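Participant: So that we are looking at the same thing, I have put the structure below in C-alpha cells.
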Amino acid sequence: MAARGGVAVEERVGQVVLPGDVLVVPAHPDEDGERLRLGAPPAPHTRLLCGPGLRRCDAGLLVTKCGLLRHRQAAGGAYWVDSQQKRYVPIKGDHAIGIVTAKAGDVFKLDVGGSEQASLSYLAFEGATKRNRPNVQVGDLIYGQFVVANKDMEPEMVCVDSSGRSSGMGIIGQDGFLFKVSLGLIRKLLAPKSEIIQELSQLYPFEMVLGMNGRIWVKARTVQQTLIIVNILEACEYMTAEQRKQAFAKLSGN
Amino acid sequence: MEACHCSWARRVELNRRHRLLLPLLFRYMRPRHYASLGIRCGLVVMPVAMTGEAKMKLSRNLLRMKFMQKGLDAKTKKELEEEEKKVISDEHWYLDVPVKKAKESFIIEEQSFVVCEELLYGRMSFNGFNPEIEKLMIQMNSKNKKEEIEVDDKMEADVSDAEMARRYETLVGTVGKKFMRRRDQRVLMDEENCENIEIRPSKKAKKKFLKPRD
C-alpha cells in the first residue's frame, strides 16, 4: 500500500485502483500565492469533480471502491471509479424505478433495491393536491428521482421536477416487463450514443425505462418482441461487441 | 409559624389589589395552605430581624410578574433585567473547541454517475412506439448539448475591429431612424410606400388567372 500511496492522479487513469489508495491532485493555481503576488484577476472557477468511488482527503483523493479510474476533461475535469456492482445505494438526483410496497397514510413506501425502502409523498406527483390524490396501488412501478439520499436518513423520492412538471416521471404504464441488470450495464446503456441502444432501436418499435438502480422496464407491441429485447439486454452483459453484432444480424435476418 | 405569618403579611408592601385580597385569603385558608401560596407566587417574605429594616422586601419572583411591573421604580427594574440576562446567558451552552479554519477546497464531491459520465435520461421510446416519450427524449437529452453550444458562443464572442466597423455601418441607418423626428420619419415611410406601390401591380399581374387557349 505504501508504494501506492501518493501517486499522481493522471498516471493512474484507466488503471485499476483499490480502496485505500491515495491519489495526489496537481496543485491548483489558486492555492499558491502567485496570483496574489502578480495581482492578476482571479481565474474563472475551475473545480475538480470527484465522482463516485473517490473521496476528498488532505493529500488529494482517497479511493473507496475498486475499479478502473476514469477521467473526463471538461469544466475543470472529473475523476471517478468505474466499478462493477449489483447493490444499489441511493444517490441524490438519480432516477430510479421503485415498486410500491405499502400505502402508509401520506406516503408510499417504495422498494428501490437499496438497504432501506424509499418514501414517496402522495403530493409529489404532477397535479396532485390534498383532495386530488394520485391513483397508486401496491405493486405499481414508479419512476422517480431521489431528493433525499444519505447514509443517515430514509431516502425520499419525488415524481416532479423543480418546476412541478412530471417530465416522464410517475407511474409506469400497464403491461411491460421488469427485470434487473448490473449497475454497470445500466450506465453502458445510458451513455450518450450507446451502441447497444442504437442497434436495438433498429429492431422493433418499443419503449424502455432505465433506472439507475439496475431495473429496466421494457414494453413492445407483442409479448414475444418484449421478451426478445429483454433477452438481448440481459445477454449484453456478457457479450463482446462482436458477439452482439452477430446476434443482431441473426435477429434482423429472421 | 402560624402567628408569624400574619405579622409578616401586614408588614409586606403590596400594591392595592393585594392589600384588598390578603385579609380574605388569611381568613379562609388553613395554615397548611400558606406554604403552597408562598411557593406559587414566589411570596418568600423575609422577617424583620433578618433584613434589619423596617420595610419588607418582595421576592424577585413576585416582582417579575406582570401585574407587579407597574409599580416598580427604574432601579429595581434594571436590576431585574440584568439578572434575567445573566440567567439566560448562563443557560446557553457551547463547545469549548478552537475554531477550525476550513481551507476552501477546489474539489467537489459528487456521488452520482449521471454528472460524471453525462448519462442520458432513462425513459426511451423508439420507432414511434410512444410519441410523447420520444418528444421528451429529445427535450431532456438536448439539455447537455445546449450548454456546449452556449460555451462555444462565448468563445467566439470576440469580434474583430474590422467586422465591428462593417456591422456598425449598416446599423447607423436603422438605429438612426429611431431617433429621427416624427416628420422626417413620415417622409421616409411615404417613400417606402411609394416603392411598394410601384411593385404591387406587377405582383397582381403575375397572379392573374390565365385562361387556357383552345
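Residues are named by chain letter and number: chains run A, B, ... in the order of the C-alpha cells, numbers start at 1 in each chain, and ligands are numbered from 1 in the order shown.
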Residues of stretch 3-247 of chain A in strand (DSSP E) according to DSSP, as number ranges by chain?

Facilitator: A: 7-8, 16-17, 22-24, 48-50, 54-56, 60-63, 67-72, 78-82, 95-104, 107-111, 118-121, 141-148, 156-158, 170-171, 177-180, 206-210, 215-220

Participant: Find the residues of chain A in contact range of chain B, meaning any atom within 6 Å when counting only C-alpha atoms, and list them as an MDAnalysis selection string.

Facilitator: chainID A and resid 47:52 190:191 201 205:210

Participant: In Å, rounded to a single decimal, give me how far atom CA of A:Arg55 is from atom CA of A:Gly211.

Facilitator: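 About the pair atom CA of A:Gly211 and atom CA of A:Arg55: they are 24.7 Å apart.
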
Participant: What are the DSSP alpha helix (DSSP H) residues of stretch 96-240 of chain A, as an mmCIF file with N, CA, C and O atoms, in the first residue's frame?

Facilitator:
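The resulting file, states_37.cif, is shown below:
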```cif
data_model
loop_
_atom_site.group_PDB
_atom_site.id
_atom_site.type_symbol
_atom_site.label_atom_id
_atom_site.label_comp_id
_atom_site.auth_asym_id
_atom_site.auth_seq_id
_atom_site.Cartn_x
_atom_site.Cartn_y
_atom_site.Cartn_z
ATOM 1 N N LEU A 183 -25.412 -2.624 -12.296
ATOM 2 C CA LEU A 183 -25.391 -1.166 -12.409
ATOM 3 C C LEU A 183 -24.454 -0.716 -13.529
ATOM 4 O O LEU A 183 -24.661 0.324 -14.144
ATOM 5 N N GLY A 184 -23.440 -1.516 -13.786
ATOM 6 C CA GLY A 184 -22.501 -1.163 -14.847
ATOM 7 C C GLY A 184 -23.176 -1.180 -16.214
ATOM 8 O O GLY A 184 -22.945 -0.303 -17.049
ATOM 9 N N LEU A 185 -24.052 -2.162 -16.422
ATOM 10 C CA LEU A 185 -24.732 -2.265 -17.718
ATOM 11 C C LEU A 185 -25.695 -1.100 -17.916
ATOM 12 O O LEU A 185 -25.810 -0.565 -19.018
ATOM 13 N N ILE A 186 -26.340 -0.695 -16.852
ATOM 14 C CA ILE A 186 -27.256 0.443 -16.945
ATOM 15 C C ILE A 186 -26.492 1.681 -17.424
ATOM 16 O O ILE A 186 -26.945 2.420 -18.295
ATOM 17 N N ARG A 187 -25.322 1.877 -16.874
ATOM 18 C CA ARG A 187 -24.534 3.049 -17.278
ATOM 19 C C ARG A 187 -24.094 2.942 -18.725
ATOM 20 O O ARG A 187 -24.051 3.919 -19.455
ATOM 21 N N LYS A 188 -23.791 1.688 -19.113
ATOM 22 C CA LYS A 188 -23.386 1.481 -20.503
ATOM 23 C C LYS A 188 -24.540 1.831 -21.447
ATOM 24 O O LYS A 188 -24.348 2.400 -22.511
ATOM 25 N N LEU A 189 -25.757 1.453 -21.033
ATOM 26 C CA LEU A 189 -26.925 1.708 -21.879
ATOM 27 C C LEU A 189 -27.277 3.192 -21.917
ATOM 28 O O LEU A 189 -27.746 3.704 -22.929
ATOM 29 N N LEU A 190 -27.069 3.868 -20.815
ATOM 30 C CA LEU A 190 -27.468 5.265 -20.741
ATOM 31 C C LEU A 190 -26.412 6.221 -21.301
ATOM 32 O O LEU A 190 -26.669 7.407 -21.470
ATOM 33 N N GLU A 195 -23.922 2.040 -28.254
ATOM 34 C CA GLU A 195 -24.071 1.177 -29.446
ATOM 35 C C GLU A 195 -25.222 0.211 -29.282
ATOM 36 O O GLU A 195 -25.971 -0.034 -30.227
ATOM 37 N N ILE A 196 -25.350 -0.332 -28.078
ATOM 38 C CA ILE A 196 -26.398 -1.334 -27.846
ATOM 39 C C ILE A 196 -27.766 -0.722 -28.129
ATOM 40 O O ILE A 196 -28.595 -1.310 -28.825
ATOM 41 N N ILE A 197 -27.976 0.471 -27.599
ATOM 42 C CA ILE A 197 -29.279 1.128 -27.766
ATOM 43 C C ILE A 197 -29.512 1.443 -29.244
ATOM 44 O O ILE A 197 -30.604 1.231 -29.771
ATOM 45 N N GLN A 198 -28.476 1.909 -29.916
ATOM 46 C CA GLN A 198 -28.641 2.261 -31.329
ATOM 47 C C GLN A 198 -29.005 1.040 -32.168
ATOM 48 O O GLN A 198 -29.859 1.107 -33.051
ATOM 49 N N GLU A 199 -28.370 -0.094 -31.847
ATOM 50 C CA GLU A 199 -28.681 -1.308 -32.598
ATOM 51 C C GLU A 199 -30.079 -1.815 -32.272
ATOM 52 O O GLU A 199 -30.814 -2.262 -33.153
ATOM 53 N N LEU A 200 -30.429 -1.732 -30.980
ATOM 54 C CA LEU A 200 -31.757 -2.200 -30.559
ATOM 55 C C LEU A 200 -32.867 -1.387 -31.205
ATOM 56 O O LEU A 200 -33.905 -1.917 -31.571
ATOM 57 N N SER A 201 -32.617 -0.078 -31.299
ATOM 58 C CA SER A 201 -33.688 0.813 -31.774
ATOM 59 C C SER A 201 -34.070 0.504 -33.219
ATOM 60 O O SER A 201 -35.138 0.885 -33.676
ATOM 61 N N VAL A 223 -45.821 -9.613 -26.798
ATOM 62 C CA VAL A 223 -45.053 -10.209 -25.696
ATOM 63 C C VAL A 223 -43.765 -10.821 -26.233
ATOM 64 O O VAL A 223 -42.704 -10.718 -25.614
ATOM 65 N N GLN A 224 -43.879 -11.406 -27.401
ATOM 66 C CA GLN A 224 -42.695 -12.061 -27.985
ATOM 67 C C GLN A 224 -41.574 -11.052 -28.220
ATOM 68 O O GLN A 224 -40.420 -11.285 -27.856
ATOM 69 N N GLN A 225 -41.951 -9.921 -28.812
ATOM 70 C CA GLN A 225 -40.935 -8.890 -29.082
ATOM 71 C C GLN A 225 -40.337 -8.373 -27.783
ATOM 72 O O GLN A 225 -39.125 -8.146 -27.676
ATOM 73 N N THR A 226 -41.192 -8.187 -26.776
ATOM 74 C CA THR A 226 -40.699 -7.724 -25.484
ATOM 75 C C THR A 226 -39.649 -8.678 -24.948
ATOM 76 O O THR A 226 -38.564 -8.260 -24.524
ATOM 77 N N LEU A 227 -39.966 -9.968 -25.005
ATOM 78 C CA LEU A 227 -39.045 -10.947 -24.432
ATOM 79 C C LEU A 227 -37.738 -11.007 -25.213
ATOM 80 O O LEU A 227 -36.672 -11.209 -24.629
ATOM 81 N N ILE A 228 -37.817 -10.815 -26.517
ATOM 82 C CA ILE A 228 -36.582 -10.824 -27.314
ATOM 83 C C ILE A 228 -35.664 -9.694 -26.860
ATOM 84 O O ILE A 228 -34.464 -9.883 -26.616
ATOM 85 N N ILE A 229 -36.254 -8.514 -26.703
ATOM 86 C CA ILE A 229 -35.446 -7.364 -26.277
ATOM 87 C C ILE A 229 -34.859 -7.597 -24.889
ATOM 88 O O ILE A 229 -33.689 -7.314 -24.624
ATOM 89 N N VAL A 230 -35.693 -8.165 -24.001
ATOM 90 C CA VAL A 230 -35.214 -8.442 -22.647
ATOM 91 C C VAL A 230 -34.032 -9.394 -22.688
ATOM 92 O O VAL A 230 -33.000 -9.171 -22.044
ATOM 93 N N ASN A 231 -34.164 -10.433 -23.474
ATOM 94 C CA ASN A 231 -33.084 -11.416 -23.544
ATOM 95 C C ASN A 231 -31.807 -10.812 -24.107
ATOM 96 O O ASN A 231 -30.715 -11.112 -23.630
ATOM 97 N N ILE A 232 -31.970 -9.973 -25.115
ATOM 98 C CA ILE A 232 -30.774 -9.340 -25.679
ATOM 99 C C ILE A 232 -30.094 -8.480 -24.623
ATOM 100 O O ILE A 232 -28.878 -8.564 -24.414
ATOM 101 N N LEU A 233 -30.903 -7.681 -23.914
ATOM 102 C CA LEU A 233 -30.319 -6.782 -22.920
ATOM 103 C C LEU A 233 -29.613 -7.565 -21.814
ATOM 104 O O LEU A 233 -28.530 -7.198 -21.361
ATOM 105 N N GLU A 234 -30.229 -8.648 -21.399
ATOM 106 C CA GLU A 234 -29.606 -9.451 -20.343
ATOM 107 C C GLU A 234 -28.312 -10.078 -20.832
ATOM 108 O O GLU A 234 -27.341 -10.171 -20.084
ATOM 109 N N ALA A 235 -28.323 -10.485 -22.081
ATOM 110 C CA ALA A 235 -27.130 -11.144 -22.621
ATOM 111 C C ALA A 235 -26.004 -10.155 -22.882
ATOM 112 O O ALA A 235 -24.836 -10.528 -22.901
ATOM 113 N N CYS A 236 -26.375 -8.895 -23.103
ATOM 114 C CA CYS A 236 -25.365 -7.878 -23.428
ATOM 115 C C CYS A 236 -24.294 -7.767 -22.349
ATOM 116 O O CYS A 236 -23.165 -7.370 -22.601
#
```

Participant: Have a look at atom CA of A:Val9 and atom CA of A:Tyr79 and let me know their distance in Å, one decimal.

Facilitator: 8.5 Å

Participant: Which neighbours of stretch 140-153 of chain A fall inside 7 Å, counting only C-alpha atoms, when residues of the same chain fewer than 4 positions from it are skipped, and could you give them as a list in words?

Facilitator: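 Using only C-alpha atoms, the neighbours found are Pro90, Ile91, Lys92, Gly93, Asp94, His95, Ala96, Ile97, Gly98, Ile99, Val100, Val136, Met157, Val158, Cys159, Met169, Gly170, Ile171 and Ile172 of chain A.
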
Participant: As an exercise, work out the distance from atom CA of A:Val22 to atom CA of A:Thr46 in Å and give it to one decimal place.

Facilitator: 21.9 Å

Participant: I'd like the contact shell of stretch 101-111 of chain A - 10 Å cut-off, only C-alpha atoms, skipping same-chain residues fewer than 2 positions apart - returned as a list in words.

Facilitator: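 Skipping anything fewer than 2 positions along the chain leaves Ile97, Gly98, Ile99, Gly113, Gly114, Ser115, Glu116, Gln117, Ala118, Ser119, Leu120, Ser121, Tyr122, Leu123, Ala124, Lys130, Arg133, Val136, Gln137, Val138, Gly139, Asp140, Leu141, Ile142, Pro155, Glu156 and Met157 of chain A.
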
Participant: Keeping only C-alpha atoms, write those residues as a PDB file, in the first residue's frame.

Facilitator:
```
ATOM      1  CA  ILE A  97     -37.636   2.523 -10.713  1.00  0.00           C
ATOM      2  CA  GLY A  98     -39.374   1.649  -7.464  1.00  0.00           C
ATOM      3  CA  ILE A  99     -42.074  -0.880  -6.630  1.00  0.00           C
ATOM      4  CA  GLY A 113     -33.265  -2.148  -4.246  1.00  0.00           C
ATOM      5  CA  GLY A 114     -31.389  -0.195  -1.600  1.00  0.00           C
ATOM      6  CA  SER A 115     -30.864  -1.146   2.025  1.00  0.00           C
ATOM      7  CA  GLU A 116     -33.960   0.773   3.046  1.00  0.00           C
ATOM      8  CA  GLN A 117     -37.275   1.463   1.404  1.00  0.00           C
ATOM      9  CA  ALA A 118     -37.723   4.902  -0.052  1.00  0.00           C
ATOM     10  CA  SER A 119     -40.683   7.079   0.857  1.00  0.00           C
ATOM     11  CA  LEU A 120     -42.736   8.950  -1.704  1.00  0.00           C
ATOM     12  CA  SER A 121     -45.244  11.589  -0.678  1.00  0.00           C
ATOM     13  CA  TYR A 122     -48.632  11.477  -2.367  1.00  0.00           C
ATOM     14  CA  LEU A 123     -48.239  15.201  -3.050  1.00  0.00           C
ATOM     15  CA  ALA A 124     -45.057  14.680  -5.059  1.00  0.00           C
ATOM     16  CA  LYS A 130     -54.713  17.123  -0.878  1.00  0.00           C
ATOM     17  CA  ARG A 133     -54.756  12.000  -4.729  1.00  0.00           C
ATOM     18  CA  VAL A 136     -51.277   4.471  -6.847  1.00  0.00           C
ATOM     19  CA  GLN A 137     -51.757   0.842  -5.862  1.00  0.00           C
ATOM     20  CA  VAL A 138     -49.465  -1.570  -4.098  1.00  0.00           C
ATOM     21  CA  GLY A 139     -47.360  -3.319  -6.725  1.00  0.00           C
ATOM     22  CA  ASP A 140     -47.266  -0.396  -9.159  1.00  0.00           C
ATOM     23  CA  LEU A 141     -43.991   0.623 -10.753  1.00  0.00           C
ATOM     24  CA  ILE A 142     -42.897   4.197 -10.232  1.00  0.00           C
ATOM     25  CA  PRO A 155     -34.291   8.018   1.096  1.00  0.00           C
ATOM     26  CA  GLU A 156     -37.102  10.102  -0.320  1.00  0.00           C
ATOM     27  CA  MET A 157     -38.319  10.193  -3.905  1.00  0.00           C
TER      28      MET A 157
END
```
